[in-house]
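Asker: Would you mind keeping the following structure in view while I ask a few things?
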Amino acid sequence: MKIAILSRNKKLYSTRRLKEAGEARGHEVDVIDTLHCYMDITSANPVVRFKGESLPHYDAVIPRIGASVTFYGTAVVRQFEMTGAFSVNESVAISRSRDKLRSLQLLSRKGIGLPRTGFAHSPDNIKDLIKNVGGAPLVIKLLEGTQGVGVVLAETSKAAESVIEAFMGINTNILVQEFIKEAGGSDIRCLVVGGKVVAAMKRQGQEGEFRSNLHRGGSAQITKITAEERATAVAAAKAMGLNVCGVDLLRSNRGPVVMEVNSSPGLEGIETATGKDVASMIFQFIEKTTKPHNNRTKGKG
């Protein structure tokens with residue numbers, strides 16, 4: 001098959017591994033910089049142009065869309081969908097997962113375990129907002145933050161009020177969530193491919209750090225997940241409509257709770273921790289699933 005990886009940097013580990021894995025399985029794999037694609041929107045024959053030429057037809061595309069380019073990146077994915085290419089993750093699903101509030105609402109509607117969460121822009125009663133998520137300590141997040149940036153742990157109600165007021169001062173939307181103390185600064189990243197958890201790792205934050213992101217110096221190791229954790233990860237991926245994603249879980253006293261569903265999960269941490277060839281598993285899914293116009297939304301959503 002002819003397959004495109006939409007990535008801003010062909011040197012990134014995940015992009016390199018996907019290209020290597022695809023070519024090892026006999027596919028023709030091109031890496032295309034998403035932001036350098038452009039489109040003739042009014043044409044009756046949808047195409048994607050790149051460096052002055054129309055791109056050839058691709059059987060499938062693998063979107064590796066960074067959070068900072070979600071709007072344009074999903075427009076490019078949508079255009080590929082309109083050409084009939086199968087997108088591993090659909091444009092609608094990527095947009096859905098990138099909107100923290102929308103994703104939590106979808107997960108909540110499906111009855112999937114979540115930390116108690118409040119959403120606010122200019123709350124008239126900050127004390128009530130804090131009370132509704134169980135009081136301090138609590139976690140305050142900027143809606144647009146990624147990789148642990150824009151996430152604050154407020155140990156006391158007074159500190160929480162101060163942080164919320166500060167965020168309100170910069171005219172932004174925030175999420176306020178209960179702090180799952182029993183998780184001990186760790187989380188579980190489940191890599192879901194085609195409705196199955198194919199790999200899982202436990203990420204542990206540095207001492208004194210409640211965020212477990214590997215970008216913030218956290219460590220990772222292979223872990224055995226429970227049947228409930230596996231079912232939660234699969235249900236979360238399905239609720240988002242994502243075929244390939246990373247589902248981040250916390251182990252709480254009431255069972256697994258979902259913190260985030262990542263539509264472009266990095267492969268380096270989980271392949272290193274587990275020794276599994278996740279990149280090849282993604283291509284196995286593509287080989288099994290790819291058909292012309294096989295995306296549910298057909299680029300219309």
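Going by the structure tokens order, chains are called A, B, ..., each with residues numbered from 1, while ligands are numbered from 1 in the order shown.
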If you count only C-alpha atoms, which residues fall within 7 Å of range 228-238 of chain A, apart from same-chain ones fewer than 3 positions away, as a list in words?
Answerer: Leu107, Ile112, Cys190, Val192, Gly195, Lys196, Val197, Ile225, Gly241, Leu242, Cys245, Val247 and Pro256 of chain A
Asker: Please provide the set of residues having any atom within 10 Å of range 73-82 of chain A, restricted to only C-alpha atoms, with same-chain residues fewer than 4 positions apart removed, written as a ChimeraX atom specification.
Answerer: /A:4,6-7,33-41,45-48,55,57-69,86-95,292-301
Asker: Find the residues around Asn173 in chain A up to 10 Å (only C-alpha atoms counted), leave out those fewer than 4 positions away in its own chain, and share them as a list of chain:residue names.
Answerer: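 Selected residues are A:Leu101, A:Phe119, A:Ala120, A:His121, A:Ser122, A:Lys141, A:Leu142, A:Leu143, A:Glu144, A:Ile164, A:Phe167, A:Met168.
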Asker: Would you please work out which residue, of A:Gly269, A:Gly118, A:Gly169, A:Gly275, is nearest to Gln105 in chain A when using only C-alpha atoms?
Answerer: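 Nearest to Gln105 in chain A: A:Gly118.
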Asker: State, in Å with one decimal place, the distance from CA of Gly194 in chain A to CA of Asn9 in chain A.
Answerer: 25.2 Å
Asker: One decimal, in Å: what's the spacing between CA of Pro56 in chain A and CA of Thr83 in chain A?
Answerer: 10.1 Å
Asker: For Arg17 in chain A, find every residue with an atom within 9 Å (counting only C-alpha atoms), except residues of its own chain fewer than 6 positions away, and show them as a short mmCIF file (atom, residue, chain, number, x, y, z; two decimals) with N, CA and C atoms, in the first residue's frame.
Answerer:
data_model
loop_
_atom_site.label_atom_id
_atom_site.label_comp_id
_atom_site.auth_asym_id
_atom_site.auth_seq_id
_atom_site.Cartn_x
_atom_site.Cartn_y
_atom_site.Cartn_z
N LEU A 267 5.72 6.82 20.78
CA LEU A 267 6.02 5.39 20.81
C LEU A 267 7.31 5.07 21.56
N GLU A 268 8.18 6.04 21.73
CA GLU A 268 9.49 5.75 22.31
C GLU A 268 9.39 5.20 23.72
N ALA A 279 4.82 -0.02 16.61
CA ALA A 279 4.73 0.54 15.25
C ALA A 279 4.23 -0.51 14.26
N SER A 280 4.74 -1.73 14.36
CA SER A 280 4.29 -2.80 13.45
C SER A 280 2.84 -3.18 13.72
#
Asker: Which neighbours of Ala21 in chain A fall inside 12 Å, counting only C-alpha atoms, when residues of the same chain fewer than 2 positions from it are skipped, and could you give them as a list in words?
Answerer: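 Neighbouring residues, sequence-local ones excluded: Ile3, Ile5, Tyr13, Ser14, Thr15, Arg16, Arg17, Leu18, Lys19, Glu23, Ala24, Arg25, Gly26, His27, Glu28, Val29, Asp277, Val278, Ala279, Ser280, Met281, Ile282, Phe283 and Gln284 of chain A.
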Asker: Could you take the residues named above and write them with C-alpha atoms, as a tab-separated table (two decimals), in the first residue's frame?
Answerer:
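Okay, again_24.tsv is ready:
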chain	number	residue	atom	x	y	z
A	3	ILE	CA	0.81	5.29	3.06
A	5	ILE	CA	2.65	9.78	7.75
A	13	TYR	CA	11.37	8.62	17.14
A	14	SER	CA	7.71	7.83	16.52
A	15	THR	CA	7.83	9.02	12.90
A	16	ARG	CA	11.06	7.10	12.18
A	17	ARG	CA	9.73	3.90	13.75
A	18	LEU	CA	6.48	4.06	11.81
A	19	LYS	CA	8.29	4.61	8.51
A	23	GLU	CA	8.67	-0.27	4.81
A	24	ALA	CA	9.73	-3.50	6.53
A	25	ARG	CA	6.23	-4.82	5.80
A	26	GLY	CA	6.54	-3.91	2.11
A	27	HIS	CA	4.61	-0.64	2.02
A	28	GLU	CA	5.62	2.61	0.35
A	29	VAL	CA	5.70	5.15	3.17
A	277	ASP	CA	6.93	-3.40	18.42
A	278	VAL	CA	3.92	-1.10	18.61
A	279	ALA	CA	4.73	0.54	15.25
A	280	SER	CA	4.29	-2.80	13.45
A	281	MET	CA	1.04	-3.43	15.32
A	282	ILE	CA	-0.31	-0.15	13.93
A	283	PHE	CA	0.53	-1.33	10.39
A	284	GLN	CA	-1.13	-4.69	11.05
Asker: Name the residues of range 97-143 of chain A that come out as alpha helix (DSSP H) in a backbone DSSP run; write them as a ChimeraX atom specification.
Answerer: /A:97-98,100-109,126-132
Asker: Only N, CA and C atoms, please: the residues just picked out, written as a CSV table (one decimal), in the first residue's frame.
Answerer:
chain,number,residue,atom,x,y,z
A,97,SER,N,-10.8,14.6,20.8
A,97,SER,CA,-9.9,14.3,21.9
A,97,SER,C,-9.0,15.4,22.4
A,98,ARG,N,-8.8,16.4,21.5
A,98,ARG,CA,-7.9,17.5,21.8
A,98,ARG,C,-8.7,18.6,22.7
A,100,LYS,N,-10.3,19.1,25.8
A,100,LYS,CA,-10.3,18.4,27.1
A,100,LYS,C,-11.7,18.4,27.7
A,101,LEU,N,-12.4,19.5,27.6
A,101,LEU,CA,-13.8,19.5,28.1
A,101,LEU,C,-14.7,18.6,27.4
A,102,ARG,N,-14.7,18.6,26.0
A,102,ARG,CA,-15.5,17.8,25.2
A,102,ARG,C,-15.2,16.3,25.4
A,103,SER,N,-14.0,16.0,25.6
A,103,SER,CA,-13.6,14.6,25.8
A,103,SER,C,-14.1,14.1,27.1
A,104,LEU,N,-14.0,14.9,28.1
A,104,LEU,CA,-14.5,14.5,29.4
A,104,LEU,C,-16.0,14.3,29.4
A,105,GLN,N,-16.7,15.2,28.7
A,105,GLN,CA,-18.2,15.1,28.6
A,105,GLN,C,-18.6,13.8,27.9
A,106,LEU,N,-17.8,13.4,26.8
A,106,LEU,CA,-18.1,12.2,26.1
A,106,LEU,C,-17.8,10.9,27.0
A,107,LEU,N,-16.7,11.0,27.7
A,107,LEU,CA,-16.4,9.9,28.6
A,107,LEU,C,-17.4,9.7,29.7
A,108,SER,N,-17.8,10.9,30.3
A,108,SER,CA,-18.8,10.9,31.3
A,108,SER,C,-20.2,10.3,30.8
A,109,ARG,N,-20.6,10.7,29.6
A,109,ARG,CA,-21.8,10.2,29.0
A,109,ARG,C,-21.8,8.6,28.9
A,126,ILE,N,-16.0,31.0,43.6
A,126,ILE,CA,-14.8,30.0,43.5
A,126,ILE,C,-14.8,29.0,44.6
A,127,LYS,N,-15.3,29.4,45.8
A,127,LYS,CA,-15.4,28.4,46.9
A,127,LYS,C,-16.3,27.3,46.6
A,128,ASP,N,-17.4,27.6,45.9
A,128,ASP,CA,-18.3,26.5,45.5
A,128,ASP,C,-17.7,25.6,44.4
A,129,LEU,N,-17.0,26.2,43.5
A,129,LEU,CA,-16.3,25.4,42.5
A,129,LEU,C,-15.4,24.4,43.1
A,130,ILE,N,-14.6,24.8,44.1
A,130,ILE,CA,-13.7,24.0,44.8
A,130,ILE,C,-14.4,22.9,45.6
A,131,LYS,N,-15.5,23.3,46.3
A,131,LYS,CA,-16.2,22.4,47.1
A,131,LYS,C,-16.8,21.3,46.2
A,132,ASN,N,-17.3,21.6,45.0
A,132,ASN,CA,-18.0,20.6,44.1
A,132,ASN,C,-17.0,19.5,43.7
Asker: Just the number, please: distance in Å from CA of Leu191 in chain A to CA of Gly246 in chain A, one decimal.
Answerer: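 That distance, rounded to one decimal, is 4.6 Å.
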Asker: Tell me, as number ranges by chain, which residues lie within 8 Å of Ala136 in chain A, counting only C-alpha atoms; anything in the same chain fewer than 5 positions away does not count.
Answerer: A: 130, 154-157, 160, 178-179
Asker: Go through range 13-122 of chain A and collect every residue that DSSP, computed from the backbone, puts in strand (DSSP E or B); the answer should be as a PyMOL selection string.
Answerer: chain A and resi 28-32+37-39+48-50+53-54+60-63+86-87+117-120
Asker: Please, could you write that set of residues out with N, CA and C atoms as a short mmCIF file (atom, residue, chain, number, x, y, z; two decimals), in the first residue's frame?
Answerer:
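Contents of result.cif, freshly written:
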data_model
loop_
_atom_site.label_atom_id
_atom_site.label_comp_id
_atom_site.auth_asym_id
_atom_site.auth_seq_id
_atom_site.Cartn_x
_atom_site.Cartn_y
_atom_site.Cartn_z
N GLU A 28 4.94 1.37 0.73
CA GLU A 28 5.62 2.61 0.35
C GLU A 28 5.15 3.69 1.31
N VAL A 29 6.07 4.23 2.09
CA VAL A 29 5.70 5.15 3.17
C VAL A 29 6.38 6.51 2.97
N ASP A 30 5.58 7.57 2.88
CA ASP A 30 6.10 8.94 2.76
C ASP A 30 5.80 9.70 4.04
N VAL A 31 6.77 10.52 4.46
CA VAL A 31 6.55 11.44 5.59
C VAL A 31 6.29 12.82 5.02
N ILE A 32 5.16 13.41 5.38
CA ILE A 32 4.74 14.70 4.83
C ILE A 32 4.53 15.69 5.97
N CYS A 37 1.37 21.32 3.72
CA CYS A 37 0.31 20.91 2.79
C CYS A 37 -0.64 22.08 2.58
N TYR A 38 -1.22 22.16 1.39
CA TYR A 38 -2.26 23.15 1.15
C TYR A 38 -3.29 22.54 0.21
N MET A 39 -4.47 23.19 0.17
CA MET A 39 -5.61 22.55 -0.46
C MET A 39 -6.41 23.51 -1.32
N VAL A 48 -4.68 17.20 -2.19
CA VAL A 48 -3.78 17.88 -1.26
C VAL A 48 -2.52 18.22 -2.04
N ARG A 49 -2.09 19.47 -1.95
CA ARG A 49 -0.90 19.90 -2.68
C ARG A 49 0.26 20.08 -1.71
N PHE A 50 1.47 19.86 -2.24
CA PHE A 50 2.68 19.90 -1.40
C PHE A 50 3.86 20.26 -2.30
N GLU A 53 3.06 20.68 -6.10
CA GLU A 53 2.50 19.57 -6.86
C GLU A 53 1.35 18.92 -6.09
N SER A 54 0.45 18.29 -6.83
CA SER A 54 -0.62 17.52 -6.19
C SER A 54 -0.03 16.22 -5.66
N ALA A 60 -3.78 5.07 2.77
CA ALA A 60 -4.00 5.36 4.19
C ALA A 60 -3.09 6.49 4.63
N VAL A 61 -3.52 7.22 5.65
CA VAL A 61 -2.68 8.24 6.27
C VAL A 61 -2.62 7.98 7.78
N ILE A 62 -1.45 8.25 8.35
CA ILE A 62 -1.27 8.13 9.79
C ILE A 62 -1.04 9.54 10.33
N PRO A 63 -2.04 10.16 10.95
CA PRO A 63 -1.86 11.53 11.45
C PRO A 63 -1.02 11.54 12.73
N PHE A 86 -7.88 6.19 3.79
CA PHE A 86 -8.29 5.76 5.13
C PHE A 86 -7.38 6.45 6.15
N SER A 87 -7.96 7.17 7.09
CA SER A 87 -7.17 7.82 8.14
C SER A 87 -7.22 6.96 9.40
N THR A 117 -14.67 16.58 38.33
CA THR A 117 -14.12 17.68 37.52
C THR A 117 -15.10 18.83 37.44
N GLY A 118 -14.57 20.04 37.56
CA GLY A 118 -15.35 21.25 37.33
C GLY A 118 -14.74 22.03 36.19
N PHE A 119 -15.56 22.77 35.47
CA PHE A 119 -15.10 23.58 34.35
C PHE A 119 -15.56 25.01 34.57
N ALA A 120 -14.68 25.95 34.33
CA ALA A 120 -15.05 27.33 34.61
C ALA A 120 -14.28 28.32 33.74
#
Asker: When you look at range 257-259 of chain A with a cut-off of 6 Å (counting only C-alpha atoms), what residues show up, excluding the ones that are within fewer than 2 positions of it in the same chain? I need them as a PyMOL selection string.
Answerer: chain A and resi 113-114+248-250
